[in-house]
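Reproduced below: coords_14.tsv, with TSV, C-alpha atoms.
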chain	number	residue	atom	x	y	z
D	1	MET	CA	151.83	-148.58	249.25
D	2	LYS	CA	148.37	-147.21	250.02
D	3	LYS	CA	147.16	-144.01	248.47
D	4	PRO	CA	146.49	-141.10	250.85
D	5	SER	CA	142.91	-140.21	251.68
D	6	GLY	CA	143.06	-137.29	249.23
D	7	SER	CA	143.44	-139.55	246.18
D	8	ALA	CA	141.93	-138.47	242.88
D	9	PRO	CA	138.22	-139.22	242.47
D	10	LEU	CA	137.48	-142.59	240.91
D	11	THR	CA	135.94	-140.84	237.89
D	12	VAL	CA	139.39	-139.32	237.25
D	13	CYS	CA	141.10	-142.66	237.86
D	14	LEU	CA	138.76	-144.10	235.25
D	15	GLU	CA	140.38	-141.87	232.62
D	16	ARG	CA	143.83	-143.16	233.58
D	17	PHE	CA	142.49	-146.69	233.46
D	18	SER	CA	141.18	-145.97	229.94
D	19	ALA	CA	144.60	-144.73	228.82
D	20	HIS	CA	146.24	-147.83	230.29
D	21	TRP	CA	143.71	-150.04	228.47
D	22	ALA	CA	144.56	-148.36	225.16
D	23	ILE	CA	148.31	-148.61	225.77
D	24	ILE	CA	148.16	-152.37	226.28
D	25	ASP	CA	145.97	-152.62	223.15
D	26	ARG	CA	142.81	-154.08	224.64
D	27	ALA	CA	139.46	-154.00	222.81
D	28	SER	CA	138.10	-150.45	222.54
D	29	SER	CA	134.50	-151.69	222.33
D	30	THR	CA	134.85	-153.42	225.70
D	31	LEU	CA	136.39	-150.32	227.25
D	32	LYS	CA	133.50	-148.22	225.98
D	33	GLU	CA	131.03	-150.43	227.83
D	34	TYR	CA	133.16	-150.53	230.97
D	35	LYS	CA	133.43	-146.73	231.09
D	36	ARG	CA	129.72	-146.25	230.58
D	37	HIS	CA	128.82	-148.49	233.51
D	38	LEU	CA	131.61	-147.34	235.82
D	39	ASN	CA	130.83	-143.67	235.27
D	40	GLN	CA	127.28	-144.39	236.38
D	41	LEU	CA	128.50	-146.17	239.52
D	42	PHE	CA	131.17	-143.62	240.51
D	43	THR	CA	128.88	-140.66	239.84
D	44	ALA	CA	126.18	-142.12	242.07
D	45	ILE	CA	128.61	-143.44	244.70
D	46	PRO	CA	132.05	-141.70	244.58
D	47	THR	CA	133.77	-144.37	246.70
D	48	PRO	CA	131.68	-147.55	246.68
D	49	THR	CA	132.08	-150.35	249.18
D	50	VAL	CA	131.72	-153.99	248.25
D	51	LEU	CA	128.13	-153.86	249.57
D	52	ASP	CA	127.41	-150.83	247.38
D	53	ALA	CA	128.78	-152.64	244.34
D	54	GLU	CA	126.85	-155.84	245.03
D	55	SER	CA	123.61	-153.88	245.55
D	56	TRP	CA	124.23	-152.02	242.28
D	57	LEU	CA	124.77	-155.29	240.43
D	58	ALA	CA	121.77	-156.98	242.04
D	59	ALA	CA	119.51	-154.16	240.85
D	60	GLU	CA	120.37	-154.89	237.20
D	61	PRO	CA	117.68	-157.19	235.70
D	62	SER	CA	119.66	-158.25	232.62
D	63	VAL	CA	122.06	-161.11	233.28
D	64	SER	CA	124.36	-160.15	230.40
D	65	VAL	CA	124.53	-156.50	231.51
D	66	ARG	CA	125.03	-157.59	235.13
D	67	ARG	CA	127.96	-159.72	234.00
D	68	MET	CA	129.45	-156.84	232.00
D	69	LYS	CA	129.14	-154.51	235.01
D	70	GLY	CA	130.80	-157.09	237.23
D	71	ARG	CA	133.66	-157.48	234.75
D	72	ALA	CA	134.07	-153.70	234.67
D	73	ILE	CA	134.37	-153.46	238.46
D	74	ARG	CA	136.83	-156.34	238.58
D	75	ALA	CA	138.95	-154.84	235.80
D	76	ILE	CA	139.37	-151.38	237.29
D	77	GLY	CA	139.60	-152.78	240.82
D	78	LYS	CA	142.46	-155.06	239.85
D	79	TRP	CA	144.24	-152.23	238.04
D	80	LEU	CA	143.85	-149.80	240.94
D	81	THR	CA	145.02	-152.35	243.51
D	82	LYS	CA	148.13	-153.14	241.45
D	83	SER	CA	148.79	-149.38	241.34
D	84	GLY	CA	148.72	-149.25	245.14
D	85	ASP	CA	145.25	-147.72	245.46
D	86	THR	CA	143.26	-149.99	247.80
D	87	ARG	CA	139.86	-148.31	247.55
D	88	LEU	CA	138.51	-151.14	245.39
D	89	SER	CA	140.72	-153.93	246.73
D	90	TRP	CA	137.54	-155.91	247.38
D	91	TRP	CA	137.14	-156.43	243.62
D	92	VAL	CA	138.11	-160.09	244.06
D	93	LEU	CA	134.87	-160.64	246.01
D	94	ILE	CA	132.66	-159.56	243.10
D	95	PRO	CA	131.03	-162.62	241.48
D	96	LEU	CA	130.29	-162.69	237.75
D	97	ALA	CA	126.73	-163.49	236.74
D	98	LYS	CA	126.51	-166.69	234.71
D	99	GLU	CA	124.70	-166.41	231.41
D	100	ILE	CA	122.66	-169.33	230.16
D	101	GLU	CA	124.02	-170.21	226.75
D	102	LYS	CA	121.37	-170.15	224.07
D	103	GLU	CA	121.51	-172.07	220.84
D	104	GLN	CA	122.86	-169.61	218.29
D	105	PRO	CA	121.73	-169.85	214.65
D	106	THR	CA	124.61	-171.05	212.49
D	107	VAL	CA	124.47	-171.37	208.72
D	108	THR	CA	125.57	-174.79	207.51
D	109	ARG	CA	127.11	-175.57	204.13
D	110	ALA	CA	123.92	-177.42	203.17
D	111	GLU	CA	121.84	-174.33	204.00
D	112	TYR	CA	124.22	-172.15	202.03
D	113	LEU	CA	123.86	-174.39	198.97
D	114	GLU	CA	120.08	-174.27	199.30
D	115	ILE	CA	120.17	-170.48	199.44
D	116	ARG	CA	122.44	-170.36	196.39
D	117	ALA	CA	119.68	-172.11	194.44
D	118	ILE	CA	117.19	-169.33	195.22
D	119	ASP	CA	116.62	-166.61	192.61
D	120	LEU	CA	117.91	-163.56	194.52
D	121	PRO	CA	118.57	-159.98	193.38
D	122	SER	CA	122.20	-159.52	192.35
D	123	LEU	CA	123.07	-157.29	195.33
D	124	VAL	CA	121.54	-159.72	197.83
D	125	ARG	CA	123.39	-162.61	196.19
D	126	LEU	CA	126.65	-160.65	196.45
D	127	ILE	CA	126.02	-160.00	200.14
D	128	VAL	CA	125.33	-163.69	200.77
D	129	GLU	CA	128.47	-164.79	198.96
D	130	LEU	CA	130.64	-162.28	200.80
D	131	LEU	CA	129.23	-163.23	204.20
D	132	TRP	CA	129.80	-166.93	203.54
D	133	SER	CA	133.22	-166.44	201.96
D	134	THR	CA	134.74	-163.95	204.39
D	135	GLY	CA	132.88	-164.13	207.71
D	136	VAL	CA	132.94	-160.32	207.98
D	137	ARG	CA	130.70	-158.53	210.43
D	138	ARG	CA	127.71	-156.62	209.02
D	139	GLY	CA	129.24	-153.24	209.85
D	140	GLU	CA	132.51	-154.28	208.25
D	141	LEU	CA	130.66	-155.40	205.13
D	142	ALA	CA	128.88	-152.05	204.85
D	143	ALA	CA	132.23	-150.20	205.14
D	144	LEU	CA	134.13	-152.24	202.51
D	145	LEU	CA	135.70	-150.05	199.84
D	146	THR	CA	135.56	-150.88	196.14
D	147	LYS	CA	139.24	-150.03	195.72
D	148	ASP	CA	140.23	-152.66	198.29
D	149	VAL	CA	138.93	-155.60	196.26
D	150	ASN	CA	141.73	-157.61	194.65
D	151	LEU	CA	140.24	-160.24	192.36
D	152	ASP	CA	143.68	-161.40	191.20
D	153	ASN	CA	144.74	-162.30	194.74
D	154	ARG	CA	141.18	-163.23	195.81
D	155	THR	CA	141.32	-160.89	198.82
D	156	ILE	CA	139.58	-157.83	200.23
D	157	LEU	CA	141.20	-155.38	202.64
D	158	VAL	CA	138.84	-154.70	205.56
D	159	ARG	CA	139.86	-151.26	206.80
D	160	LYS	CA	137.11	-150.49	209.30
D	161	THR	CA	137.03	-153.27	211.90
D	162	LYS	CA	135.58	-153.77	215.36
D	163	ASN	CA	139.01	-153.86	216.99
D	164	ASP	CA	140.46	-151.09	214.80
D	165	GLU	CA	142.96	-153.45	213.18
D	166	PRO	CA	142.69	-153.64	209.36
D	167	ARG	CA	142.93	-157.15	207.95
D	168	TYR	CA	142.75	-159.03	204.67
D	169	VAL	CA	139.99	-161.57	204.12
D	170	PRO	CA	140.03	-164.27	201.44
D	171	ILE	CA	137.22	-164.63	198.91
D	172	ASN	CA	136.27	-167.90	197.23
D	173	ASP	CA	135.48	-168.45	193.55
D	174	GLU	CA	131.73	-167.97	193.99
D	175	ALA	CA	132.21	-164.61	195.70
D	176	ALA	CA	134.77	-163.58	193.06
D	177	VAL	CA	132.25	-164.26	190.26
D	178	GLU	CA	129.61	-162.10	191.96
D	179	LEU	CA	132.16	-159.36	192.68
D	180	GLU	CA	133.37	-159.26	189.08
D	181	ARG	CA	129.79	-158.97	187.84
D	182	HIS	CA	129.04	-156.26	190.41
D	183	LEU	CA	132.14	-154.21	189.62
D	184	GLN	CA	131.33	-154.06	185.91
D	185	THR	CA	128.58	-151.53	186.61
D	186	HIS	CA	129.28	-150.31	190.15
D	187	ARG	CA	130.90	-146.87	190.45
D	188	GLY	CA	130.58	-146.03	194.14
D	189	SER	CA	133.47	-145.84	196.59
D	190	LEU	CA	131.65	-148.17	198.98
D	191	LEU	CA	131.52	-151.71	197.64
D	192	ILE	CA	127.99	-152.56	198.75
D	193	GLY	CA	126.56	-149.05	198.91
D	194	GLN	CA	124.22	-150.00	201.75
D	195	SER	CA	124.35	-149.15	205.44
D	196	SER	CA	124.67	-151.85	208.09
D	197	GLU	CA	120.99	-151.41	208.97
D	198	ALA	CA	119.98	-151.60	205.29
D	199	ILE	CA	121.89	-154.88	204.93
D	200	ARG	CA	120.10	-156.26	207.98
D	201	LYS	CA	116.74	-155.35	206.48
D	202	LEU	CA	117.67	-156.86	203.10
D	203	LEU	CA	118.53	-160.18	204.73
D	204	ARG	CA	115.29	-160.12	206.70
D	205	ARG	CA	113.20	-159.13	203.67
D	206	TRP	CA	114.47	-162.17	201.76
D	207	ASN	CA	114.08	-164.42	204.81
D	208	LEU	CA	117.81	-165.09	204.96
D	209	PRO	CA	119.94	-165.83	208.05
D	210	SER	CA	121.38	-162.90	209.99
D	211	SER	CA	124.95	-161.75	209.44
D	212	HIS	CA	125.96	-163.29	212.77
D	213	ALA	CA	124.55	-166.66	211.67
D	214	TRP	CA	126.66	-166.40	208.52
D	215	ARG	CA	129.74	-165.44	210.56
D	216	ARG	CA	129.31	-168.43	212.86
D	217	GLY	CA	128.76	-170.67	209.85
D	218	TRP	CA	131.90	-169.35	208.19
D	219	ALA	CA	133.96	-170.13	211.30
D	220	VAL	CA	132.59	-173.67	211.62
D	221	ASP	CA	132.98	-174.39	207.90
D	222	SER	CA	136.55	-173.03	207.84
D	223	LEU	CA	137.59	-175.27	210.73
D	224	THR	CA	135.76	-178.23	209.18
D	225	LEU	CA	137.71	-177.74	205.95
D	226	GLY	CA	140.97	-177.92	207.87
D	227	MET	CA	141.89	-174.28	208.62
D	228	ASN	CA	143.54	-174.04	212.02
D	229	GLU	CA	142.11	-171.93	214.83
D	230	VAL	CA	144.85	-169.29	214.62
D	231	ASN	CA	144.14	-168.61	210.94
D	232	VAL	CA	140.37	-168.50	211.54
D	233	ARG	CA	140.94	-166.02	214.36
D	234	THR	CA	143.17	-163.86	212.16
D	235	ALA	CA	140.86	-163.85	209.14
D	236	GLY	CA	137.80	-163.30	211.34
D	237	GLY	CA	139.29	-160.34	213.20
D	238	TRP	CA	139.22	-161.82	216.72
D	239	ARG	CA	141.91	-160.90	219.24
D	240	SER	CA	141.83	-164.28	220.95
D	241	GLY	CA	140.50	-167.75	220.39
D	242	ALA	CA	137.74	-167.28	222.97
D	243	MET	CA	135.15	-166.06	220.45
D	244	VAL	CA	136.11	-168.72	217.92
D	245	ALA	CA	135.59	-171.35	220.60
D	246	ARG	CA	132.26	-169.78	221.60
D	247	TYR	CA	131.03	-169.64	218.00
D	248	THR	CA	131.99	-173.24	217.24
D	249	LYS	CA	131.35	-174.88	220.63
D	250	LYS	CA	128.14	-176.64	219.54
D	251	HIS	CA	129.89	-178.01	216.45
D	252	LYS	CA	133.22	-179.16	217.88
D	253	GLN	CA	132.44	-182.85	217.32
D	254	GLN	CA	131.58	-182.16	213.68
D	255	VAL	CA	134.82	-180.20	213.22
D	256	ALA	CA	136.93	-182.85	214.98
D	257	MET	CA	135.55	-185.72	212.89
D	258	ALA	CA	135.95	-183.80	209.61
D	259	GLN	CA	139.57	-182.97	210.38
D	260	PHE	CA	140.24	-186.54	211.50
D	261	ARG	CA	138.88	-187.89	208.19
D	262	GLN	CA	141.00	-185.42	206.23
D	263	LEU	CA	144.10	-186.47	208.15
D	264	ARG	CA	143.41	-190.17	207.59
D	265	SER	CA	142.73	-189.56	203.90
D	266	SER	CA	145.99	-187.64	203.55
D	267	THR	CA	147.90	-190.38	205.37
D	268	LYS	CA	146.54	-193.04	203.01
D	269	ARG	CA	147.56	-191.03	199.94
D	270	ASP	CA	151.10	-190.65	201.28
D	271	ASP	CA	151.40	-194.33	202.24
D	272	PRO	CA	153.84	-195.94	199.75
D	273	ALA	CA	152.15	-199.31	200.24

Show me, as structure tokens, the structure contained in the file I just sent.
Amino acid sequence: MKKPSGSAPLTVCLERFSAHWAIIDRASSTLKEYKRHLNQLFTAIPTPTVLDAESWLAAEPSVSVRRMKGRAIRAIGKWLTKSGDTRLSWWVLIPLAKEIEKEQPTVTRAEYLEIRAIDLPSLVRLIVELLWSTGVRRGELAALLTKDVNLDNRTILVRKTKNDEPRYVPINDEAAVELERHLQTHRGSLLIGQSSEAIRKLLRRWNLPSSHAWRRGWAVDSLTLGMNEVNVRTAGGWRSGAMVARYTKKHKQQVAMAQFRQLRSSTKRDDPA
């Protein structure tokens, strides 16, 4: 059923769309970007046509932003059309800009071992071990609370996450050693006591890989060691396997061969012959 000509402005519909997005538990960070772009479009053009939308997209020089804007239009257009409002029923005609995939820096286990051999300040060493052991995002690392470290269970509770869903992350023996040493003298409520930006600068100052390079390395290494994709996604705080696949795409052959060797080795050990 089509909406009458006196339908609510699209800026108002955007608020209903936002509520719907939250109800179905979609990523709040994505919604934030969608709303920002759509508010710009609907404020400039209250009821855009497909030509208006395509012109708006074509004027955006950044391919990644153009793709995000296109996704935003398609998302609200699909939702409106399903609701019976046909003002953006042309959403299916909106193409998504294709981004050229760039080689993303990924820390390897060999690089990690080389870095471990460097004489680093204790706080920097702790940061390195936590990034490699847990795969947390830089902002999550900065927000970790001292009280949420459980050395007995080798876990840390990450309360402040990108998708607003607290999760536990495992810590390995190396990280546990650094944490125990750190906690002997540390008295602050925040585990690291450094902002996200300060952590970024520390890594740069010591010529160390970025937090994202560590996160990608953690994902690849975890899969290589035999952890399945579902567990990597859960521990890494991803809602779907899409980001795991994106992070590990360039290393899928390495992961496949490592898991194959582990399976064959396990089979030989279990063979009664």

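Coordinates place atom CA of D:Asn172 at a distance of 12.6 Å from atom CA of D:Val149.
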
Nearest to D:Glu114: which of D:Trp90, D:Leu208, D:Glu229, D:Ser222 is it, counting all atoms listed in the file?
-> D:Leu208

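With all atoms listed in the file as the basis for measurement, D:Val232 is the residue among D:Leu202, D:Val232, D:Ile192, D:Ala142 that approaches D:Ala245 most closely.
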
Rank nothing, just name the residue among D:Pro166, D:Pro61, D:Pro48, D:Gly193 nearest to D:Ser89, using only C-alpha atoms.
-> D:Pro48

Show me as a PyMOL selection string the residues that reach within 12 Å of (127.7, -149.5, 235.1), counting only C-alpha atoms and using the file's own coordinates.
-> chain D and resi 31-45+53-54+56-60+65-74

From the list D:Ala27, D:Leu191, D:Ile199, D:Leu126, the nearest residue to D:Lys162 using all atoms listed in the file is D:Ala27

Reconstructed N, CA and C atoms for stretch 22-51 of chain D, given as a PDB file, in the frame of the given file:
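What follows is the written file selection.pdb:
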ATOM      1  N   ALA D  22     144.169-148.620 226.551  1.00  0.00           N
ATOM      2  CA  ALA D  22     144.560-148.360 225.160  1.00  0.00           C
ATOM      3  C   ALA D  22     146.028-148.680 224.932  1.00  0.00           C
ATOM      4  N   ILE D  23     146.868-148.365 225.903  1.00  0.00           N
ATOM      5  CA  ILE D  23     148.310-148.610 225.770  1.00  0.00           C
ATOM      6  C   ILE D  23     148.606-150.097 225.609  1.00  0.00           C
ATOM      7  N   ILE D  24     147.902-150.934 226.370  1.00  0.00           N
ATOM      8  CA  ILE D  24     148.160-152.370 226.280  1.00  0.00           C
ATOM      9  C   ILE D  24     147.343-153.026 225.171  1.00  0.00           C
ATOM     10  N   ASP D  25     146.652-152.174 224.359  1.00  0.00           N
ATOM     11  CA  ASP D  25     145.970-152.620 223.150  1.00  0.00           C
ATOM     12  C   ASP D  25     144.847-153.617 223.421  1.00  0.00           C
ATOM     13  N   ARG D  26     143.990-153.281 224.385  1.00  0.00           N
ATOM     14  CA  ARG D  26     142.810-154.080 224.640  1.00  0.00           C
ATOM     15  C   ARG D  26     141.644-153.549 223.820  1.00  0.00           C
ATOM     16  N   ALA D  27     140.584-154.345 223.688  1.00  0.00           N
ATOM     17  CA  ALA D  27     139.460-154.000 222.810  1.00  0.00           C
ATOM     18  C   ALA D  27     138.793-152.690 223.211  1.00  0.00           C
ATOM     19  N   SER D  28     138.705-151.759 222.263  1.00  0.00           N
ATOM     20  CA  SER D  28     138.100-150.450 222.540  1.00  0.00           C
ATOM     21  C   SER D  28     136.604-150.562 222.784  1.00  0.00           C
ATOM     22  N   SER D  29     135.947-151.530 222.136  1.00  0.00           N
ATOM     23  CA  SER D  29     134.500-151.690 222.330  1.00  0.00           C
ATOM     24  C   SER D  29     134.183-152.130 223.753  1.00  0.00           C
ATOM     25  N   THR D  30     135.037-152.985 224.315  1.00  0.00           N
ATOM     26  CA  THR D  30     134.850-153.420 225.700  1.00  0.00           C
ATOM     27  C   THR D  30     135.064-152.264 226.656  1.00  0.00           C
ATOM     28  N   LEU D  31     136.105-151.478 226.401  1.00  0.00           N
ATOM     29  CA  LEU D  31     136.390-150.320 227.250  1.00  0.00           C
ATOM     30  C   LEU D  31     135.226-149.339 227.242  1.00  0.00           C
ATOM     31  N   LYS D  32     134.627-149.140 226.089  1.00  0.00           N
ATOM     32  CA  LYS D  32     133.500-148.220 225.980  1.00  0.00           C
ATOM     33  C   LYS D  32     132.366-148.628 226.913  1.00  0.00           C
ATOM     34  N   GLU D  33     132.075-149.932 226.946  1.00  0.00           N
ATOM     35  CA  GLU D  33     131.030-150.430 227.830  1.00  0.00           C
ATOM     36  C   GLU D  33     131.431-150.312 229.293  1.00  0.00           C
ATOM     37  N   TYR D  34     132.671-150.651 229.595  1.00  0.00           N
ATOM     38  CA  TYR D  34     133.160-150.530 230.970  1.00  0.00           C
ATOM     39  C   TYR D  34     133.022-149.094 231.469  1.00  0.00           C
ATOM     40  N   LYS D  35     133.459-148.134 230.674  1.00  0.00           N
ATOM     41  CA  LYS D  35     133.430-146.730 231.090  1.00  0.00           C
ATOM     42  C   LYS D  35     132.000-146.250 231.323  1.00  0.00           C
ATOM     43  N   ARG D  36     131.112-146.673 230.441  1.00  0.00           N
ATOM     44  CA  ARG D  36     129.720-146.250 230.580  1.00  0.00           C
ATOM     45  C   ARG D  36     129.137-146.699 231.914  1.00  0.00           C
ATOM     46  N   HIS D  37     129.371-147.955 232.256  1.00  0.00           N
ATOM     47  CA  HIS D  37     128.820-148.490 233.510  1.00  0.00           C
ATOM     48  C   HIS D  37     129.538-147.919 234.729  1.00  0.00           C
ATOM     49  N   LEU D  38     130.855-147.825 234.667  1.00  0.00           N
ATOM     50  CA  LEU D  38     131.610-147.340 235.820  1.00  0.00           C
ATOM     51  C   LEU D  38     131.356-145.865 236.101  1.00  0.00           C
ATOM     52  N   ASN D  39     131.166-145.086 235.057  1.00  0.00           N
ATOM     53  CA  ASN D  39     130.830-143.670 235.270  1.00  0.00           C
ATOM     54  C   ASN D  39     129.519-143.536 236.024  1.00  0.00           C
ATOM     55  N   GLN D  40     128.563-144.395 235.675  1.00  0.00           N
ATOM     56  CA  GLN D  40     127.280-144.390 236.380  1.00  0.00           C
ATOM     57  C   GLN D  40     127.474-144.712 237.860  1.00  0.00           C
ATOM     58  N   LEU D  41     128.271-145.737 238.139  1.00  0.00           N
ATOM     59  CA  LEU D  41     128.500-146.170 239.520  1.00  0.00           C
ATOM     60  C   LEU D  41     129.234-145.092 240.313  1.00  0.00           C
ATOM     61  N   PHE D  42     130.345-144.573 239.767  1.00  0.00           N
ATOM     62  CA  PHE D  42     131.170-143.620 240.510  1.00  0.00           C
ATOM     63  C   PHE D  42     130.508-142.256 240.639  1.00  0.00           C
ATOM     64  N   THR D  43     129.623-141.918 239.718  1.00  0.00           N
ATOM     65  CA  THR D  43     128.880-140.660 239.840  1.00  0.00           C
ATOM     66  C   THR D  43     127.849-140.756 240.951  1.00  0.00           C
ATOM     67  N   ALA D  44     127.190-141.914 241.032  1.00  0.00           N
ATOM     68  CA  ALA D  44     126.180-142.120 242.070  1.00  0.00           C
ATOM     69  C   ALA D  44     126.816-142.350 243.437  1.00  0.00           C
ATOM     70  N   ILE D  45     127.919-143.123 243.445  1.00  0.00           N
ATOM     71  CA  ILE D  45     128.610-143.440 244.700  1.00  0.00           C
ATOM     72  C   ILE D  45     130.103-143.213 244.477  1.00  0.00           C
ATOM     73  N   PRO D  46     130.647-142.052 244.864  1.00  0.00           N
ATOM     74  CA  PRO D  46     132.050-141.700 244.580  1.00  0.00           C
ATOM     75  C   PRO D  46     133.070-142.737 245.033  1.00  0.00           C
ATOM     76  N   THR D  47     132.848-143.338 246.208  1.00  0.00           N
ATOM     77  CA  THR D  47     133.770-144.370 246.700  1.00  0.00           C
ATOM     78  C   THR D  47     132.955-145.561 247.190  1.00  0.00           C
ATOM     79  N   PRO D  48     132.556-146.446 246.300  1.00  0.00           N
ATOM     80  CA  PRO D  48     131.680-147.550 246.680  1.00  0.00           C
ATOM     81  C   PRO D  48     132.380-148.605 247.539  1.00  0.00           C
ATOM     82  N   THR D  49     131.604-149.199 248.412  1.00  0.00           N
ATOM     83  CA  THR D  49     132.080-150.350 249.180  1.00  0.00           C
ATOM     84  C   THR D  49     131.664-151.600 248.434  1.00  0.00           C
ATOM     85  N   VAL D  50     132.101-152.740 248.896  1.00  0.00           N
ATOM     86  CA  VAL D  50     131.720-153.990 248.250  1.00  0.00           C
ATOM     87  C   VAL D  50     130.205-154.186 248.329  1.00  0.00           C
ATOM     88  N   LEU D  51     129.585-153.754 249.441  1.00  0.00           N
ATOM     89  CA  LEU D  51     128.130-153.860 249.570  1.00  0.00           C
ATOM     90  C   LEU D  51     127.430-152.952 248.568  1.00  0.00           C
TER      91      LEU D  51
END
